[in-house]
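Report on the following structure.
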Amino acid sequence: MNFLELVKARYSVRNYEERPIEQNKLDYIMECVRLAPSAVNFQPWKFAVITEKKLLEALKSAYPREWIKTAPCIIVACGDHNVAWHRKLDNKDHTDVDVSIAVEHLCLAAAEQGLGTCWVCNFDVPLCKEILGLPANIEPVALVPVGYPASQEVPEKNRKPLQDILF
């Protein structure tokens with residue numbers, strides 16, 4: 001599969017099979033995440049790979065949607081604002097940008113391995129921090145449920161035409 005085919009195959013999965021993910025696949029995905037670029041190579045990220053049932057159930061309460069209950073794994077992507085590069089001109093903090101690049105590596109690597117993901121940003125951040133016992137300087141940026149899609153049908157993507165995004 002070439003890169004364009006991979007990008008077309010990746011979509012937001014909201015229903016997963018009830019089967020665990022092989023450790024070698026999780027290791028592969030996280031190696032892809034580790035190699036993601038970041039501003040000035042500061043790598044201001046931490047990731048929690050949650051598969052343990054009790055912790056997984058607690059974490060799912062931070063995003064109370066029925067579909068997430070089907071995910072056998074949630075990867076919590078976190079950023080450390082104290083480590084991130086800040087642009088000198090205006091002090092722009094690149095934590096979210098850097099973590100987002102790494103999360104996209106995660107989603108594409110998972111798709112390549114036959115797994116589905118869904119990038120979740122609308123979750124209870126304080127509850128997530130409490131569940132994971134995160135220190136004040138670590139901010140959860142996204143929850144990424146990971147698992148085998150319950151359906152093999154890839155939905156059509158509704159994207160703007162190329163001419164509408166170029167200027």
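Letters for chains follow the order of the structure tokens (A, B, ...), residue numbers begin at 1 for each chain, and ligand numbers begin at 1 in the order shown.
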Among chain A, which ones does DSSP place in helix (DSSP H, G or I), written as an MDAnalysis selection string? chainID A and resid 3:9 23:34 39:41 53:60 66:70 95:112 125:132 162:165
Which residues are close to A:Ala62, i.e. within 6 Å by only C-alpha atoms, leaving aside same-chain residues fewer than 2 positions away? Reply as a VMD selection string. chain A and resid 59 to 60 123 to 124 128
Could those selected residues go to a file with N, CA and C atoms, as an mmCIF file, in the first residue's frame?
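Listing of part_24.cif after writing:
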data_model
loop_
_atom_site.group_PDB
_atom_site.id
_atom_site.type_symbol
_atom_site.label_atom_id
_atom_site.label_comp_id
_atom_site.auth_asym_id
_atom_site.auth_seq_id
_atom_site.Cartn_x
_atom_site.Cartn_y
_atom_site.Cartn_z
ATOM 1 N N LEU A 59 -10.894 5.198 32.461
ATOM 2 C CA LEU A 59 -10.551 6.203 31.462
ATOM 3 C C LEU A 59 -11.714 6.478 30.517
ATOM 4 N N LYS A 60 -12.467 5.454 30.192
ATOM 5 C CA LYS A 60 -13.618 5.626 29.299
ATOM 6 C C LYS A 60 -14.669 6.553 29.904
ATOM 7 N N PHE A 123 -12.909 15.588 25.723
ATOM 8 C CA PHE A 123 -12.999 14.700 26.874
ATOM 9 C C PHE A 123 -12.707 15.486 28.148
ATOM 10 N N ASP A 124 -12.992 14.890 29.277
ATOM 11 C CA ASP A 124 -12.805 15.522 30.584
ATOM 12 C C ASP A 124 -11.329 15.448 30.963
ATOM 13 N N CYS A 128 -9.273 12.798 33.393
ATOM 14 C CA CYS A 128 -8.227 11.977 32.778
ATOM 15 C C CYS A 128 -6.919 12.117 33.556
#
Within 10 Å of A:Leu106 using only C-alpha atoms, minus same-chain residues under 3 positions, as a count of residues only: 22
Name the residues of stretch 86-158 of chain A that come out as strand (DSSP E or B) in a backbone DSSP run; write them as a PyMOL selection string. chain A and resi 86+93+116-117+120+138-147+149
Output the selection as a CSV table (one decimal), in the first residue's frame - C-alpha atoms for each residue.
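Wrote part16.csv, looks like this:
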chain,number,residue,atom,x,y,z
A,86,HIS,CA,8.4,28.2,22.2
A,93,ASP,CA,4.0,27.1,22.5
A,116,GLY,CA,-8.7,1.5,13.6
A,117,THR,CA,-8.4,4.7,15.6
A,120,VAL,CA,-10.9,12.3,20.6
A,138,ILE,CA,1.6,17.0,31.8
A,139,GLU,CA,-1.5,17.8,29.8
A,140,PRO,CA,-3.6,15.1,28.1
A,141,VAL,CA,-4.1,16.4,24.5
A,142,ALA,CA,-6.0,13.5,22.9
A,143,LEU,CA,-7.5,10.1,23.6
A,144,VAL,CA,-6.9,7.7,20.8
A,145,PRO,CA,-9.0,4.5,21.0
A,146,VAL,CA,-7.3,1.7,19.1
A,147,GLY,CA,-8.7,-1.7,17.9
A,149,PRO,CA,-12.8,-2.1,13.3
